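Working notes for the structure below.
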Amino acid sequence: KKKFIPNIPAFNTDAYLIFTSPSTNESFTIKLDYARNIIGINVHPKNMKQYIVVDNTDLFLFVQSFLN
């Protein structure tokens, strides 16, 4: 399930990862909202897309342990 987030400040970012491409001038930001089970993906300079994660136990625990 995906939808555009019209109000990005309302997205509660608990963690984010930034990827850049050396061959192009694009960058990708993946934002995680642990409480609402949401991943936001932003391909700069476009709008952020929101994806609701149904089974988030492995993904969010991995990200939390990786960042700590």
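Residue numbers start at 1 in each chain; chains themselves are named A, B, ... in the order of the structure tokens; ligands are numbered from 1 in the order shown.
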**Message:** Going by DSSP on the backbone, which residues of stretch 6-64 of chain A come out as alpha helix (DSSP H)? List them as a PyMOL selection string.
**Reply:** chain A and resi 57-64
Next, write the just-selected residues to a file, as a PDB file, in the first residue's frame, keeping C-alpha atoms as the atom set.
ATOM      1  CA  THR A  57       9.678  -7.264  13.051  1.00  0.00           C
ATOM      2  CA  ASP A  58      12.835  -8.277  11.195  1.00  0.00           C
ATOM      3  CA  LEU A  59      13.351  -5.100   9.189  1.00  0.00           C
ATOM      4  CA  PHE A  60      12.955  -2.515  11.948  1.00  0.00           C
ATOM      5  CA  LEU A  61      14.870  -4.620  14.511  1.00  0.00           C
ATOM      6  CA  PHE A  62      17.717  -5.012  12.015  1.00  0.00           C
ATOM      7  CA  VAL A  63      17.869  -1.266  11.366  1.00  0.00           C
ATOM      8  CA  GLN A  64      17.741  -0.457  15.099  1.00  0.00           C
TER       9      GLN A  64
END
**Message:** Residues within 10 Å of stretch 11-25 of chain A, please, as a PyMOL selection string. Count only C-alpha atoms; anything in the same chain fewer than 2 positions from it doesn't count.
**Reply:** chain A and resi 5-9+27-36+38-44+50+60+63-64+67
